[in-house]
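Asker: Structure file data_36.cif (mmCIF, C-alpha atoms) is given on the next line.
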```cif
data_final
#
loop_
_atom_site.label_atom_id
_atom_site.label_comp_id
_atom_site.auth_asym_id
_atom_site.auth_seq_id
_atom_site.Cartn_x
_atom_site.Cartn_y
_atom_site.Cartn_z
CA MET A 1 0.00 0.00 0.00
CA MET A 2 1.11 3.56 -0.71
CA HIS A 3 2.36 6.12 1.80
CA GLN A 4 1.41 4.08 4.86
CA PRO A 5 2.97 5.05 8.20
CA PRO A 6 5.23 2.25 9.47
CA PRO A 7 4.60 0.51 12.80
CA TRP A 8 7.29 2.51 14.62
CA ALA A 9 5.46 5.75 13.78
CA LEU A 10 2.23 4.48 15.32
CA ASP A 11 3.76 2.87 18.41
CA GLY A 12 2.08 4.41 21.45
CA SER A 13 -0.18 6.59 19.32
CA GLU A 14 -3.89 7.28 19.69
CA ARG A 15 -6.20 6.45 16.79
CA LEU A 16 -8.35 9.40 15.76
CA THR A 17 -11.47 9.94 13.71
CA LEU A 18 -11.42 12.81 11.23
CA GLU A 19 -13.24 14.96 13.78
CA GLY A 20 -10.77 13.95 16.49
CA PHE A 21 -7.88 14.78 14.16
CA LEU A 22 -9.20 18.32 13.65
CA GLU A 23 -9.79 18.76 17.38
CA SER A 24 -6.28 17.51 18.21
CA PHE A 25 -4.86 19.89 15.61
CA GLY A 26 -6.44 22.84 17.40
CA GLU A 27 -5.11 21.73 20.77
CA ALA A 28 -1.57 21.13 19.45
CA TRP A 29 -1.57 24.39 17.49
CA ALA A 30 -2.46 26.38 20.60
CA ARG A 31 0.60 24.92 22.38
CA THR A 32 3.02 25.52 19.52
CA GLU A 33 5.66 28.12 20.31
CA ARG A 34 8.30 27.79 17.60
CA ARG A 35 7.81 25.44 14.66
CA PHE A 36 5.04 23.80 12.67
CA LEU A 37 5.95 21.48 9.80
CA LYS A 38 3.66 19.69 7.38
CA LEU A 39 4.99 16.89 5.18
CA GLU A 40 2.88 16.18 2.07
CA CYS A 41 3.72 12.99 0.18
CA TRP A 42 0.74 11.68 -1.75
CA GLN A 43 0.83 12.54 -5.43
CA ALA A 44 -2.96 12.58 -5.66
CA TYR A 45 -5.55 13.49 -3.06
CA ARG A 46 -9.30 13.70 -3.16
CA GLU A 47 -10.22 16.92 -1.43
CA ALA A 48 -13.24 17.19 0.83
CA ASP A 49 -16.61 17.15 -0.90
CA GLY A 50 -17.58 20.53 -2.24
CA VAL A 51 -14.07 21.90 -2.90
CA GLN A 52 -15.05 23.88 -5.96
CA SER A 53 -11.52 24.70 -7.10
CA GLN A 54 -10.64 21.05 -7.61
CA GLU A 55 -13.95 20.42 -9.34
CA ALA A 56 -13.29 23.35 -11.70
CA PHE A 57 -9.78 22.12 -12.51
CA GLN A 58 -11.04 18.59 -13.19
CA ALA A 59 -13.63 20.11 -15.52
CA GLY A 60 -10.84 21.79 -17.49
CA ASP A 61 -11.34 25.35 -16.26
CA ALA A 62 -7.93 26.25 -14.80
CA ALA A 63 -8.72 29.98 -14.75
CA LEU A 64 -11.78 29.43 -12.57
CA ALA A 65 -9.79 27.03 -10.39
CA ARG A 66 -7.18 29.75 -9.85
CA ARG A 67 -9.79 32.34 -8.88
CA LEU A 68 -11.39 29.92 -6.43
CA LEU A 69 -8.01 28.96 -4.98
CA GLN A 70 -7.24 32.65 -4.45
CA GLU A 71 -10.52 33.03 -2.57
CA GLU A 72 -9.76 29.94 -0.46
CA ALA A 73 -6.27 31.22 0.30
CA MET A 74 -7.56 34.63 1.38
CA GLY A 75 -9.84 32.84 3.80
CA ASP A 76 -6.69 31.63 5.56
CA GLN A 77 -5.32 35.15 6.04
CA PRO A 78 -6.13 35.10 9.79
CA LEU A 79 -3.89 32.03 10.10
CA ARG A 80 -1.01 33.77 8.30
CA ASP A 81 -1.51 36.81 10.53
CA GLU A 82 -1.37 34.57 13.60
CA VAL A 83 1.80 32.88 12.37
CA ARG A 84 3.45 36.28 12.04
CA SER A 85 2.17 37.63 15.36
CA ARG A 86 3.36 34.52 17.21
CA ASN A 87 6.65 34.49 15.28
CA LEU A 88 6.17 30.85 14.26
CA GLN A 89 8.13 28.94 11.63
CA PHE A 90 5.35 27.49 9.45
CA THR A 91 6.61 25.25 6.64
CA ARG A 92 5.02 22.89 4.14
CA VAL A 93 7.37 20.29 2.67
CA ARG A 94 5.98 18.83 -0.56
CA LEU A 95 7.47 15.69 -2.14
CA LEU A 96 7.39 15.43 -5.91
CA ALA A 97 7.68 12.56 -8.37
CA TYR A 98 7.93 13.37 -12.06
CA PRO A 99 6.00 13.49 -14.29
CA LEU A 100 3.58 15.35 -12.07
CA THR A 101 0.09 13.94 -11.63
CA ASP A 102 -2.96 15.90 -12.73
CA TYR A 103 -3.65 16.56 -9.05
CA LEU A 104 -0.24 18.15 -8.56
CA HIS A 105 -0.74 20.37 -11.60
CA TYR A 106 -3.85 21.62 -9.79
CA GLU A 107 -2.02 21.88 -6.48
CA MET A 108 0.82 23.85 -8.07
CA ILE A 109 -1.67 26.63 -8.74
CA ASN A 110 -2.56 26.55 -5.05
CA TYR A 111 1.09 26.56 -4.00
CA GLU A 112 1.83 29.49 -6.31
CA VAL A 113 -1.09 31.50 -4.91
CA ARG A 114 -0.12 30.79 -1.33
CA SER A 115 3.57 31.37 -1.92
CA ARG A 116 2.79 34.86 -3.20
CA LEU A 117 0.88 35.46 0.04
CA GLY A 118 3.99 34.63 2.04
CA GLU A 119 3.58 30.94 2.86
CA ASP A 120 6.81 28.92 3.08
CA ILE A 121 6.64 25.86 0.80
CA GLU A 122 9.63 23.62 0.05
CA PHE A 123 9.69 21.06 -2.77
CA PHE A 124 11.87 17.95 -2.92
CA VAL A 125 12.34 14.84 -5.00
CA PRO A 126 13.08 12.42 -2.15
CA PRO A 127 16.17 10.18 -1.99
CA SER A 128 13.95 7.09 -1.54
CA PRO A 129 10.81 6.11 -3.49
CA VAL A 130 8.12 8.69 -2.79
CA GLU A 131 5.66 5.90 -1.89
CA SER A 132 7.76 5.06 1.17
CA TYR A 133 7.00 8.42 2.80
CA PHE A 134 3.84 9.35 4.70
CA ASP A 135 2.04 12.57 5.61
CA PHE A 136 2.38 14.09 9.05
CA LEU A 137 2.21 17.34 11.00
CA LEU A 138 4.88 18.17 13.56
CA PHE A 139 4.27 20.74 16.31
CA ASP A 140 7.52 21.82 17.96
CA SER A 141 8.79 18.67 19.68
CA HIS A 142 5.64 17.94 21.71
CA THR A 143 3.05 16.56 19.26
CA ALA A 144 2.68 14.90 15.89
CA LEU A 145 -0.44 14.12 13.91
CA ILE A 146 -0.11 11.39 11.29
CA HIS A 147 -2.71 11.26 8.52
CA ASP A 148 -4.68 8.21 7.48
CA TYR A 149 -5.42 8.63 3.77
CA GLY A 150 -6.44 5.05 3.17
CA PRO A 151 -4.72 2.45 0.95
CA GLY A 152 -4.57 4.56 -2.23
CA PRO A 153 -3.95 5.15 -5.01
CA VAL A 154 -5.72 8.48 -4.30
CA GLY A 155 -5.47 9.81 -0.77
CA HIS A 156 -8.70 10.63 1.03
CA GLN A 157 -8.39 11.37 4.72
CA THR A 158 -10.47 9.24 7.06
CA GLY A 159 -8.71 10.10 10.32
CA GLY A 160 -5.24 9.61 11.67
CA TRP A 161 -3.10 9.15 14.75
CA LEU A 162 -1.91 11.41 17.58
CA THR A 163 1.46 10.85 19.21
CA HIS A 164 3.55 12.48 21.91
CA HIS A 165 6.12 9.65 21.88
CA ARG A 166 9.53 11.32 22.14
CA GLU A 167 11.38 8.82 19.95
CA THR A 168 8.69 9.09 17.26
CA LEU A 169 8.81 12.88 17.30
CA HIS A 170 12.59 12.84 16.89
CA ALA A 171 12.34 10.32 14.04
CA LEU A 172 9.75 12.44 12.22
CA ALA A 173 11.95 15.51 12.54
CA ASP A 174 14.83 13.42 11.18
CA ILE A 175 12.76 12.57 8.09
CA ALA A 176 12.38 16.27 7.29
CA ASP A 177 16.07 16.90 7.95
CA ASP A 178 17.06 13.99 5.71
CA LEU A 179 14.86 15.27 2.88
CA ARG A 180 16.56 18.65 3.10
CA THR A 181 20.01 17.02 3.20
CA ARG A 182 19.73 14.20 0.66
CA GLY A 183 16.67 15.11 -1.38
CA GLU A 184 16.84 17.11 -4.58
CA GLN A 185 15.33 20.50 -3.93
CA MET A 186 13.08 21.67 -6.75
CA ARG A 187 11.76 25.13 -7.55
CA PRO A 188 8.68 24.43 -9.68
CA LEU A 189 7.13 27.83 -9.00
CA GLU A 190 10.00 29.85 -10.45
CA GLY A 191 9.15 31.52 -13.72
CA ILE A 192 5.40 31.32 -13.23
CA PRO A 193 3.96 34.73 -14.13
CA ASP A 194 2.00 36.64 -11.52
CA THR A 195 -1.60 36.59 -12.70
CA SER A 196 -3.09 37.66 -9.37
CA ARG A 197 -4.12 41.01 -10.86
CA ALA A 198 -5.28 39.64 -14.18
#
```
Give the structure from the file, written as structure tokens.
Answerer:
Amino acid sequence: MMHQPPPWALDGSERLTLEGFLESFGEAWARTERRFLKLECWQAYREADGVQSQEAFQAGDAALARRLLQEEAMGDQPLRDEVRSRNLQFTRVRLLAYPLTDYLHYEMINYEVRSRLGEDIEFFVPPSPVESYFDFLLFDSHTALIHDYGPGPVGHQTGGWLTHHRETLHALADIADDLRTRGEQMRPLEGIPDTSRA
């Protein structure tokens, strides 16, 4: 199965429903003082029902998808303001495998929009097969949330796991460090024209 967290990552963890995952996110976020990191590995996700931007892109209307993604991103402005006011390091690390999937062509529009709004997004081709990595959120060194996106091939979140296990937290941080050390950093957003005022 694709992108499944290994047993060591789930050792001592608490299984969460999707609602429990969101609740645990809020609790961990409130305690975060320095760093939040999100690792995104799946090459295709199915967004929540009713995400109009993805529906527009799948229908072939990239211009409408961009406008909707801009609206969605502006809805997150309070989060960006909070990140700045709390002086947090907020980073998304996105793994890529080429050629890009249709989903990632859609997501690149989202990344471009959010990057122009100041979000920190790093892109890497990993040193190991991309399928061997799994999605997680790391809050300082006190909490991690690990996503359950099902068996694939398209990720659709059904819940996840919560862990405070010290060894697991260190190992997850090491994954990010290893990607930055041994992965091939990509800059897929460079050269994309700014159409935000078009």
Asker: Which of these residues is nearest to A:Ala44, using only C-alpha atoms: A:His147, A:His105, A:Arg180, A:His164?
Answerer: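 Nearest to A:Ala44: A:His105.
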Asker: What's around A:Ser13 at 10 Å? Count only C-alpha atoms, leave out sequence neighbours fewer than 3 positions away in its own chain, and write the answer as a count of residues only.
Answerer: 14
Asker: Apply the PyMOL selection byres ((chain A and resi 156) around 10) to the structure shown and report the selected residues as a list in words.
Answerer: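 Selected by the PyMOL selection byres ((chain A and resi 156) around 10) in this file: Trp42, Ala44, Tyr45, Arg46, Glu47, Ala48, His147, Asp148, Tyr149, Gly150, Pro151, Gly152, Pro153, Val154, Gly155, Gln157, Thr158 and Gly159 of chain A.
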Asker: Leaving out stretch 69-79 of chain A and any residue of its chain fewer than 2 positions from it, which residues lie within 9 Å of it when counting only C-alpha atoms, given as JSON, numbers by chain?
Answerer: {"A": [52, 53, 54, 64, 65, 66, 67, 81, 82, 83, 84, 109, 110, 113, 114, 117, 196]}
Asker: Could you tell me how far atom CA of A:Leu88 sits from atom CA of A:Arg35, in Å to one decimal place?
Answerer: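 Here the two named atoms are 5.7 Å from each other.
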Asker: Please, could N, CA and C atoms be added to stretch 154-171 of chain A and the result written as a compact mmCIF listing (two decimals), in the coordinates of the input?
Answerer:
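Dumped everything to out07.txt:
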```txt
# COMPACT_ATOMS: atom_id res chain seq x y z
N VAL A 154 -5.42 7.07 -4.53
CA VAL A 154 -5.72 8.48 -4.30
C VAL A 154 -6.00 8.66 -2.82
N GLY A 155 -5.30 9.60 -2.19
CA GLY A 155 -5.47 9.81 -0.77
C GLY A 155 -6.75 10.54 -0.43
N HIS A 156 -7.48 9.99 0.54
CA HIS A 156 -8.70 10.63 1.03
C HIS A 156 -8.73 10.43 2.53
N GLN A 157 -8.59 11.53 3.29
CA GLN A 157 -8.39 11.37 4.72
C GLN A 157 -9.63 10.85 5.43
N THR A 158 -9.41 9.84 6.26
CA THR A 158 -10.47 9.24 7.06
C THR A 158 -10.22 9.41 8.55
N GLY A 159 -9.07 9.95 8.91
CA GLY A 159 -8.71 10.10 10.32
C GLY A 159 -7.21 10.19 10.44
N GLY A 160 -6.68 9.60 11.50
CA GLY A 160 -5.24 9.61 11.67
C GLY A 160 -4.84 9.14 13.05
N TRP A 161 -3.65 9.57 13.47
CA TRP A 161 -3.10 9.15 14.75
C TRP A 161 -2.45 10.36 15.42
N LEU A 162 -2.53 10.38 16.74
CA LEU A 162 -1.91 11.41 17.58
C LEU A 162 -0.80 10.75 18.39
N THR A 163 0.37 11.38 18.40
CA THR A 163 1.46 10.85 19.21
C THR A 163 2.22 11.96 19.91
N HIS A 164 2.64 11.63 21.14
CA HIS A 164 3.55 12.48 21.91
C HIS A 164 4.84 11.71 22.22
N HIS A 165 4.99 10.53 21.60
CA HIS A 165 6.12 9.65 21.88
C HIS A 165 7.42 10.32 21.45
N ARG A 166 8.33 10.53 22.40
CA ARG A 166 9.53 11.32 22.14
C ARG A 166 10.36 10.75 20.99
N GLU A 167 10.56 9.42 21.00
CA GLU A 167 11.38 8.82 19.95
C GLU A 167 10.73 8.99 18.57
N THR A 168 9.40 8.90 18.52
CA THR A 168 8.69 9.09 17.26
C THR A 168 8.83 10.52 16.77
N LEU A 169 8.70 11.47 17.68
CA LEU A 169 8.81 12.88 17.30
C LEU A 169 10.20 13.19 16.75
N HIS A 170 11.23 12.64 17.38
CA HIS A 170 12.59 12.84 16.89
C HIS A 170 12.76 12.21 15.50
N ALA A 171 12.20 11.01 15.32
CA ALA A 171 12.34 10.32 14.04
C ALA A 171 11.62 11.07 12.92
```
